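Trainee: Here it is, the structure in full.
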Amino acid sequence: MTAANRGADRPAGPVGYSLPLSPSGDAALLTPPPWHFSGHVVMVEYRVDPALATTFLPPSLDLGPDPGAAALVFAEWQWCSASGKELADPACNQFAEVVLLLAAEHGVRPVARCPGAWVDRAVPLVRGWVQGMPKQVGAVSISRSVSVGRAAPRTAEGAKYFGSLSVYGRRLMEASVTLAARGGAPPVLHVLPLVHSLVHPAWAVPPQPPRLVASVVSDVEFSTVWSGPAEVGRFDLPGDFAFLAPVEVGTGHVFNYAETLHGGQLLDSQ
């Protein structure tokens, strides 16, 4: 048998939505979208120095009409693919993360930009990189609501919720929200579409330039939004992330949130 014939007899090769590839594709770390998310969020609105915030934006994004608007988002999530099979394995379908958000504009379209995020599981870490979302590894803790007892906050006026981030054993971030009022509008930075940068490190030649991509979501749901005074007790992120430290802390919010993430829409080159 010739080399050409041997090649003709072989299957197309291993496949998969993500690495690792395999004959059927079931070895892939990521299932293809849509991905469904339901979560509990503790969010703190704050302000950064607009001149420093600009340095975290690619050239095709501007700060927009509210320069310096930012947020810390602490969240615990459950997720599943279209089949829902992940729901049978809580170790697989649960994760926690901290996300930094900046208000921005693409042309005249208001958007949110995530300059940094930390997550505690491998699957959402890799999924973030596929999206262009700059996730790193971290240990995230967040207060959970209860309806009985005193060992956790109840969703009621005066309750206080906490969130924290540790990376490699070092506590880097602490924040809290005290509930004061219910029924307000969802916070703006949690409503705007996220715009990320698809980055391909220069491993292959020629290298590919970064591309700007907006997340495409549907089935967005908010529970009742509780709001109140917020505090940022620690913001010790290393390196350039220190530029995003609060110069003013605003209102905090606690709510449940759900969405379905379908993929990304390419906007332009950076």
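Letters A, B, ... mark the chains of the structure tokens in the order given; residue numbers begin at 1 per chain; ligand numbers begin at 1, in order shown.
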Find the spatial neighbours of Ala51 in chain A, counting only C-alpha atoms, within a cut-off of 9 Å - ignore same-chain residues fewer than 3 positions away - and output them as a list of chain:residue names.
Mentor: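 The neighbour list is A:Val48, A:Thr54, A:Thr55, A:Pro67, A:Gly68.
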Trainee: Contacts of range 241-258 of chain A at 7 Å or less, counting only C-alpha atoms, minus same-chain residues fewer than 4 places along, as a ChimeraX atom specification?
Mentor: /A:37-49,52-53,177,220-231,235-237
Trainee: For the residues in that selection, give me C-alpha atoms as a PDB file, in the first residue's frame.
Mentor:
```pdb
ATOM      1  CA  PHE A  37     -25.208  30.208  33.791  1.00  0.00           C
ATOM      2  CA  SER A  38     -27.080  30.852  37.044  1.00  0.00           C
ATOM      3  CA  GLY A  39     -25.346  32.630  39.893  1.00  0.00           C
ATOM      4  CA  HIS A  40     -25.257  34.648  43.091  1.00  0.00           C
ATOM      5  CA  VAL A  41     -23.538  38.036  42.762  1.00  0.00           C
ATOM      6  CA  VAL A  42     -22.071  40.544  45.230  1.00  0.00           C
ATOM      7  CA  MET A  43     -21.099  43.633  43.222  1.00  0.00           C
ATOM      8  CA  VAL A  44     -19.424  46.886  44.250  1.00  0.00           C
ATOM      9  CA  GLU A  45     -19.527  49.955  42.018  1.00  0.00           C
ATOM     10  CA  TYR A  46     -16.524  52.223  42.338  1.00  0.00           C
ATOM     11  CA  ARG A  47     -14.443  54.756  40.427  1.00  0.00           C
ATOM     12  CA  VAL A  48     -10.892  54.642  39.119  1.00  0.00           C
ATOM     13  CA  ASP A  49      -8.591  57.337  37.776  1.00  0.00           C
ATOM     14  CA  LEU A  52      -5.226  55.047  34.279  1.00  0.00           C
ATOM     15  CA  ALA A  53      -8.391  53.260  33.135  1.00  0.00           C
ATOM     16  CA  VAL A 177     -22.165  45.332  50.753  1.00  0.00           C
ATOM     17  CA  VAL A 220     -30.864  37.309  30.799  1.00  0.00           C
ATOM     18  CA  GLU A 221     -32.654  37.252  34.156  1.00  0.00           C
ATOM     19  CA  PHE A 222     -32.180  39.246  37.365  1.00  0.00           C
ATOM     20  CA  SER A 223     -33.728  38.477  40.714  1.00  0.00           C
ATOM     21  CA  THR A 224     -34.770  41.340  42.964  1.00  0.00           C
ATOM     22  CA  VAL A 225     -31.734  43.620  43.298  1.00  0.00           C
ATOM     23  CA  TRP A 226     -30.788  44.671  46.806  1.00  0.00           C
ATOM     24  CA  SER A 227     -28.519  47.720  47.107  1.00  0.00           C
ATOM     25  CA  GLY A 228     -26.718  49.621  49.826  1.00  0.00           C
ATOM     26  CA  PRO A 229     -23.446  51.057  51.065  1.00  0.00           C
ATOM     27  CA  ALA A 230     -20.296  49.247  49.942  1.00  0.00           C
ATOM     28  CA  GLU A 231     -16.741  49.059  51.233  1.00  0.00           C
ATOM     29  CA  PHE A 235      -7.240  46.063  46.979  1.00  0.00           C
ATOM     30  CA  ASP A 236      -3.702  44.729  46.777  1.00  0.00           C
ATOM     31  CA  LEU A 237      -3.612  43.437  43.215  1.00  0.00           C
TER      32      LEU A 237
END
```
Trainee: Within 8 Å of Thr31 in chain A, counting only C-alpha atoms, which residues show up once you throw out same-chain ones fewer than 6 positions away? Write them as a list in words, please.
Mentor: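 Skipping anything fewer than 6 positions along the chain leaves Tyr17, Ser18 and Ser81 of chain A.
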Trainee: Could you give me the residues within range 16-265 of chain A that DSSP places in strand (DSSP E), as number ranges by chain?
Mentor: A: 35-47, 69-81, 94-106, 109-119, 135-137, 139-142, 160-167, 170-178, 181-182, 194-198, 211-222, 226-235, 248-265
Trainee: For the residues in that selection, give me C-alpha atoms as a tab-separated table (two decimals), in the first residue's frame.
Mentor:
```tsv
chain	number	residue	atom	x	y	z
A	35	TRP	CA	-23.52	27.64	27.94
A	36	HIS	CA	-26.16	28.38	30.58
A	37	PHE	CA	-25.21	30.21	33.79
A	38	SER	CA	-27.08	30.85	37.04
A	39	GLY	CA	-25.35	32.63	39.89
A	40	HIS	CA	-25.26	34.65	43.09
A	41	VAL	CA	-23.54	38.04	42.76
A	42	VAL	CA	-22.07	40.54	45.23
A	43	MET	CA	-21.10	43.63	43.22
A	44	VAL	CA	-19.42	46.89	44.25
A	45	GLU	CA	-19.53	49.96	42.02
A	46	TYR	CA	-16.52	52.22	42.34
A	47	ARG	CA	-14.44	54.76	40.43
A	69	ALA	CA	-16.85	54.00	36.23
A	70	ALA	CA	-15.79	50.53	37.42
A	71	ALA	CA	-17.02	47.55	39.41
A	72	LEU	CA	-15.84	44.54	41.39
A	73	VAL	CA	-18.00	41.47	40.85
A	74	PHE	CA	-17.80	38.50	43.23
A	75	ALA	CA	-19.91	35.60	41.99
A	76	GLU	CA	-20.67	31.95	42.57
A	77	TRP	CA	-21.96	30.17	39.47
A	78	GLN	CA	-23.56	26.97	38.34
A	79	TRP	CA	-23.39	26.25	34.63
A	80	CYS	CA	-24.33	23.61	32.10
A	81	SER	CA	-24.14	22.96	28.39
A	94	GLN	CA	-19.90	24.99	40.14
A	95	PHE	CA	-17.24	27.68	40.29
A	96	ALA	CA	-16.54	31.10	41.79
A	97	GLU	CA	-14.86	34.13	40.28
A	98	VAL	CA	-13.95	37.78	40.76
A	99	VAL	CA	-14.25	40.10	37.77
A	100	LEU	CA	-13.05	43.69	37.31
A	101	LEU	CA	-15.21	45.80	34.99
A	102	LEU	CA	-14.65	49.17	33.32
A	103	ALA	CA	-17.28	51.25	31.54
A	104	ALA	CA	-16.35	51.86	27.90
A	105	GLU	CA	-17.70	52.58	24.43
A	106	HIS	CA	-17.19	50.99	21.03
A	109	ARG	CA	-22.26	51.60	21.76
A	110	PRO	CA	-21.85	51.41	25.56
A	111	VAL	CA	-19.94	48.27	26.57
A	112	ALA	CA	-18.12	46.82	29.57
A	113	ARG	CA	-14.46	45.86	29.48
A	114	CYS	CA	-12.92	43.24	31.77
A	115	PRO	CA	-9.23	44.03	32.36
A	116	GLY	CA	-8.78	41.13	34.80
A	117	ALA	CA	-10.62	38.17	36.36
A	118	TRP	CA	-9.80	35.32	38.75
A	119	VAL	CA	-11.52	31.95	38.84
A	135	LYS	CA	-8.95	34.92	33.62
A	136	GLN	CA	-6.31	33.81	36.11
A	137	VAL	CA	-6.35	31.29	38.96
A	139	ALA	CA	-9.44	31.37	45.49
A	140	VAL	CA	-12.75	33.22	45.75
A	141	SER	CA	-15.03	33.40	48.80
A	142	ILE	CA	-18.48	34.98	48.93
A	160	LYS	CA	-23.99	42.37	55.17
A	161	TYR	CA	-22.39	40.35	52.38
A	162	PHE	CA	-18.65	39.85	51.93
A	163	GLY	CA	-16.40	38.79	49.08
A	164	SER	CA	-12.68	38.09	48.99
A	165	LEU	CA	-9.93	36.96	46.61
A	166	SER	CA	-6.70	35.14	47.43
A	167	VAL	CA	-4.02	34.21	44.92
A	170	ARG	CA	-2.06	35.74	49.63
A	171	ARG	CA	-5.24	37.75	50.35
A	172	LEU	CA	-5.49	40.43	47.65
A	173	MET	CA	-9.04	41.76	47.75
A	174	GLU	CA	-11.85	42.24	50.26
A	175	ALA	CA	-15.18	44.00	49.81
A	176	SER	CA	-18.61	44.15	51.42
A	177	VAL	CA	-22.16	45.33	50.75
A	178	THR	CA	-24.76	46.20	53.41
A	181	ALA	CA	-33.06	48.98	49.76
A	182	ARG	CA	-34.64	46.46	47.42
A	194	LEU	CA	-18.73	42.46	27.53
A	195	VAL	CA	-16.02	43.17	24.95
A	196	HIS	CA	-12.85	41.08	25.10
A	197	SER	CA	-9.64	40.70	23.11
A	198	LEU	CA	-8.91	37.41	21.36
A	211	ARG	CA	-9.24	40.81	17.62
A	212	LEU	CA	-12.01	42.56	19.50
A	213	VAL	CA	-15.03	40.37	20.24
A	214	ALA	CA	-18.35	41.03	21.99
A	215	SER	CA	-20.12	38.31	23.95
A	216	VAL	CA	-23.50	37.27	22.54
A	217	VAL	CA	-26.01	36.38	25.29
A	218	SER	CA	-29.72	35.69	25.65
A	219	ASP	CA	-32.21	34.71	28.37
A	220	VAL	CA	-30.86	37.31	30.80
A	221	GLU	CA	-32.65	37.25	34.16
A	222	PHE	CA	-32.18	39.25	37.36
A	226	TRP	CA	-30.79	44.67	46.81
A	227	SER	CA	-28.52	47.72	47.11
A	228	GLY	CA	-26.72	49.62	49.83
A	229	PRO	CA	-23.45	51.06	51.07
A	230	ALA	CA	-20.30	49.25	49.94
A	231	GLU	CA	-16.74	49.06	51.23
A	232	VAL	CA	-13.49	47.90	49.67
A	233	GLY	CA	-11.34	46.87	52.58
A	234	ARG	CA	-8.40	45.62	50.57
A	235	PHE	CA	-7.24	46.06	46.98
A	248	GLU	CA	-14.05	56.38	45.38
A	249	VAL	CA	-16.40	53.56	46.42
A	250	GLY	CA	-20.06	53.82	45.48
A	251	THR	CA	-23.09	51.57	45.86
A	252	GLY	CA	-23.08	47.81	46.29
A	253	HIS	CA	-25.61	45.29	45.00
A	254	VAL	CA	-26.60	41.70	45.79
A	255	PHE	CA	-28.70	39.66	43.37
A	256	ASN	CA	-29.07	36.42	41.44
A	257	TYR	CA	-28.36	36.47	37.73
A	258	ALA	CA	-28.74	34.11	34.77
A	259	GLU	CA	-27.81	34.19	31.10
A	260	THR	CA	-27.07	31.94	28.15
A	261	LEU	CA	-23.76	32.58	26.37
A	262	HIS	CA	-23.83	31.69	22.68
A	263	GLY	CA	-20.40	32.80	21.50
A	264	GLY	CA	-18.70	35.95	20.33
A	265	GLN	CA	-19.24	38.57	17.62
```
Trainee: So the first atom is CA of Leu19 in chain A and the second is CA of Val126 in chain A; what is the distance between them in Å, to one decimal place?
Mentor: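 So the two atoms, CA of Leu19 in chain A and CA of Val126 in chain A, lie 9.9 Å apart.
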Trainee: Hey, can you check how far CA of Asp62 in chain A sits from CA of Leu266 in chain A?
Mentor: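 Between CA of Asp62 in chain A and CA of Leu266 in chain A the gap is 17.4 Å.
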Trainee: When you look at Thr155 in chain A with a cut-off of 8 Å (counting only C-alpha atoms), what residues show up, excluding the ones that are within fewer than 5 positions of it in the same chain? I need them as a ChimeraX atom specification.
Mentor: /A:145-147,179
